[in-house]
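Asks: File name run.pdb; file contents PDB, C-alpha atoms; full text below.
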ATOM      1  CA  MET A   1    -196.494 153.762  99.439  1.00  0.00           C
ATOM      2  CA  SER A   2    -193.126 155.092  98.448  1.00  0.00           C
ATOM      3  CA  ILE A   3    -191.493 157.876 100.385  1.00  0.00           C
ATOM      4  CA  THR A   4    -189.752 160.465  98.251  1.00  0.00           C
ATOM      5  CA  HIS A   5    -188.787 163.926  99.454  1.00  0.00           C
ATOM      6  CA  THR A   6    -187.816 167.139  97.700  1.00  0.00           C
ATOM      7  CA  GLY A   7    -184.898 169.305  98.796  1.00  0.00           C
ATOM      8  CA  SER A   8    -187.351 171.181 101.033  1.00  0.00           C
ATOM      9  CA  ASN A   9    -188.142 167.826 102.701  1.00  0.00           C
ATOM     10  CA  GLU A  10    -191.653 167.728 101.242  1.00  0.00           C
ATOM     11  CA  ARG A  11    -193.046 164.306 100.453  1.00  0.00           C
ATOM     12  CA  LEU A  12    -193.632 163.482  96.791  1.00  0.00           C
ATOM     13  CA  LEU A  13    -196.408 161.138  95.731  1.00  0.00           C
ATOM     14  CA  THR A  14    -196.574 158.797  92.763  1.00  0.00           C
ATOM     15  CA  PRO A  15    -199.481 158.952  90.299  1.00  0.00           C
ATOM     16  CA  GLY A  16    -200.849 155.782  91.903  1.00  0.00           C
ATOM     17  CA  GLU A  17    -200.816 157.335  95.376  1.00  0.00           C
ATOM     18  CA  VAL A  18    -202.573 160.471  94.105  1.00  0.00           C
ATOM     19  CA  ALA A  19    -205.094 158.330  92.231  1.00  0.00           C
ATOM     20  CA  ALA A  20    -205.896 156.402  95.413  1.00  0.00           C
ATOM     21  CA  LEU A  21    -206.606 159.657  97.290  1.00  0.00           C
ATOM     22  CA  PHE A  22    -208.968 160.899  94.569  1.00  0.00           C
ATOM     23  CA  ARG A  23    -210.352 157.426  93.789  1.00  0.00           C
ATOM     24  CA  VAL A  24    -209.504 157.699  90.099  1.00  0.00           C
ATOM     25  CA  ASP A  25    -207.253 155.783  87.727  1.00  0.00           C
ATOM     26  CA  PRO A  26    -203.535 156.746  87.733  1.00  0.00           C
ATOM     27  CA  LYS A  27    -203.849 157.674  84.033  1.00  0.00           C
ATOM     28  CA  THR A  28    -206.422 160.295  85.034  1.00  0.00           C
ATOM     29  CA  VAL A  29    -203.858 161.880  87.358  1.00  0.00           C
ATOM     30  CA  THR A  30    -201.327 161.928  84.505  1.00  0.00           C
ATOM     31  CA  ARG A  31    -203.903 163.619  82.240  1.00  0.00           C
ATOM     32  CA  TRP A  32    -204.572 166.237  84.946  1.00  0.00           C
ATOM     33  CA  ALA A  33    -200.853 166.967  85.092  1.00  0.00           C
ATOM     34  CA  SER A  34    -200.583 167.216  81.300  1.00  0.00           C
ATOM     35  CA  ALA A  35    -203.547 169.608  81.256  1.00  0.00           C
ATOM     36  CA  GLY A  36    -202.015 171.758  84.021  1.00  0.00           C
ATOM     37  CA  ARG A  37    -204.730 171.011  86.590  1.00  0.00           C
ATOM     38  CA  ILE A  38    -202.107 169.755  89.045  1.00  0.00           C
ATOM     39  CA  GLY A  39    -198.396 170.477  89.212  1.00  0.00           C
ATOM     40  CA  SER A  40    -195.875 167.700  88.832  1.00  0.00           C
ATOM     41  CA  ILE A  41    -192.148 167.141  89.006  1.00  0.00           C
ATOM     42  CA  ARG A  42    -190.258 164.831  86.675  1.00  0.00           C
ATOM     43  CA  THR A  43    -187.696 162.462  88.136  1.00  0.00           C
ATOM     44  CA  PRO A  44    -184.390 161.943  86.291  1.00  0.00           C
ATOM     45  CA  GLY A  45    -185.968 158.753  84.908  1.00  0.00           C
ATOM     46  CA  GLY A  46    -188.926 160.727  83.508  1.00  0.00           C
ATOM     47  CA  HIS A  47    -191.544 159.644  86.043  1.00  0.00           C
ATOM     48  CA  ARG A  48    -194.035 162.133  87.460  1.00  0.00           C
ATOM     49  CA  ARG A  49    -194.182 162.955  91.153  1.00  0.00           C
ATOM     50  CA  PHE A  50    -196.636 165.246  92.901  1.00  0.00           C
ATOM     51  CA  ARG A  51    -196.106 167.485  95.946  1.00  0.00           C
ATOM     52  CA  GLU A  52    -198.160 166.094  98.806  1.00  0.00           C
ATOM     53  CA  SER A  53    -199.113 169.567 100.070  1.00  0.00           C
ATOM     54  CA  GLU A  54    -200.511 170.562  96.658  1.00  0.00           C
ATOM     55  CA  VAL A  55    -202.401 167.285  96.301  1.00  0.00           C
ATOM     56  CA  ARG A  56    -203.926 167.545  99.785  1.00  0.00           C
ATOM     57  CA  SER A  57    -204.898 171.181  99.165  1.00  0.00           C
ATOM     58  CA  MET A  58    -206.595 170.252  95.883  1.00  0.00           C
ATOM     59  CA  LEU A  59    -208.383 167.366  97.588  1.00  0.00           C
ATOM     60  CA  ALA A  60    -209.560 169.629 100.429  1.00  0.00           C
ATOM     61  CA  ASP A  61    -210.848 172.215  97.926  1.00  0.00           C
ATOM     62  CA  LEU A  62    -212.778 169.590  95.992  1.00  0.00           C
ATOM     63  CA  THR A  63    -214.287 167.970  99.070  1.00  0.00           C
ATOM     64  CA  SER A  64    -215.336 171.339 100.539  1.00  0.00           C
ATOM     65  CA  GLU A  65    -216.985 172.277  97.214  1.00  0.00           C
ATOM     66  CA  ALA A  66    -218.859 168.989  97.237  1.00  0.00           C
ATOM     67  CA  THR A  67    -220.284 169.656 100.699  1.00  0.00           C
ATOM     68  CA  LEU A  68    -221.385 173.255 100.084  1.00  0.00           C
ATOM     69  CA  PRO A  69    -225.127 173.792  99.748  1.00  0.00           C
ATOM     70  CA  PRO A  70    -226.297 174.709  96.234  1.00  0.00           C
ATOM     71  CA  ALA A  71    -226.350 178.410  95.402  1.00  0.00           C
ATOM     72  CA  ARG A  72    -229.779 180.016  95.420  1.00  0.00           C
ATOM     73  CA  PRO A  73    -230.936 181.871  92.308  1.00  0.00           C
TER      74      PRO A  73
END
Spit out the file's structure as structure tokens when you get a sec.

Replies:
Amino acid sequence: MSITHTGSNERLLTPGEVAALFRVDPKTVTRWASAGRIGSIRTPGGHRRFRESEVRSMLADLTSEATLPPARP
């Protein structure tokens, strides 16, 4: 994994690293960013990077939703 940090010393993840966490294809992560589902930063070379804190928060939200019991009618 690459280690990239923002000015606030927060780690930035590549689309491949995010994809591995969510177990999806890296292109899916890029589509999420294009659709506004997840924030991204563009490097000077035009590559996307994702804030680790935002990614981990999104992952935690999704995994907690998956473990909640179904709502009763």

Asks: Rounded to one decimal, what separation in Å do you get between atom CA of Trp32 of chain A and atom CA of Ser57 of chain A?

Replies: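 Calculated distance between atom CA of Trp32 of chain A and atom CA of Ser57 of chain A is 15.1 Å.
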
Asks: Output the residue selection produced by the PyMOL selection byres ((chain A and resi 30) around 10) on the file above, formatted as a ChimeraX atom specification.

Replies: /A:15-16,18-19,25-29,31-38,40,48-49

Asks: Mind writing the picked residues with C-alpha atoms as a PDB file, in the coordinates of the input?

Replies:
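Result file result.pdb:
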ATOM      1  CA  PRO A  15    -199.481 158.952  90.299  1.00  0.00           C
ATOM      2  CA  GLY A  16    -200.849 155.782  91.903  1.00  0.00           C
ATOM      3  CA  VAL A  18    -202.573 160.471  94.105  1.00  0.00           C
ATOM      4  CA  ALA A  19    -205.094 158.330  92.231  1.00  0.00           C
ATOM      5  CA  ASP A  25    -207.253 155.783  87.727  1.00  0.00           C
ATOM      6  CA  PRO A  26    -203.535 156.746  87.733  1.00  0.00           C
ATOM      7  CA  LYS A  27    -203.849 157.674  84.033  1.00  0.00           C
ATOM      8  CA  THR A  28    -206.422 160.295  85.034  1.00  0.00           C
ATOM      9  CA  VAL A  29    -203.858 161.880  87.358  1.00  0.00           C
ATOM     10  CA  ARG A  31    -203.903 163.619  82.240  1.00  0.00           C
ATOM     11  CA  TRP A  32    -204.572 166.237  84.946  1.00  0.00           C
ATOM     12  CA  ALA A  33    -200.853 166.967  85.092  1.00  0.00           C
ATOM     13  CA  SER A  34    -200.583 167.216  81.300  1.00  0.00           C
ATOM     14  CA  ALA A  35    -203.547 169.608  81.256  1.00  0.00           C
ATOM     15  CA  GLY A  36    -202.015 171.758  84.021  1.00  0.00           C
ATOM     16  CA  ARG A  37    -204.730 171.011  86.590  1.00  0.00           C
ATOM     17  CA  ILE A  38    -202.107 169.755  89.045  1.00  0.00           C
ATOM     18  CA  SER A  40    -195.875 167.700  88.832  1.00  0.00           C
ATOM     19  CA  ARG A  48    -194.035 162.133  87.460  1.00  0.00           C
ATOM     20  CA  ARG A  49    -194.182 162.955  91.153  1.00  0.00           C
TER      21      ARG A  49
END

Asks: Can you pull out the residues contacting Ser53 of chain A? Cut-off 10 Å, using all atoms listed in the file, and skip same-chain residues under 6 positions away; I want them as a list of chain:residue names.

Replies: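 So the residues in contact are A:Glu10, A:Arg11, A:Leu12, A:Leu13, A:Leu59.
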
Asks: Give me, please, the distance in Å between atom CA of Leu21 of chain A and atom CA of Met58 of chain A, quoted to one decimal.

Replies: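 Distance reported for this atom pair: 10.7 Å.
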
Asks: Please report the interatomic distance between atom CA of Val24 of chain A and atom CA of Ile41 of chain A in Å with one decimal.

Replies: 19.8 Å

Asks: From the list A:Thr14, A:Asn9, A:Phe22, A:Thr43, which residue is nearest Thr63 of chain A when using all atoms listed in the file?

Replies: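 Distance minimum relative to Thr63 of chain A lands on A:Phe22.
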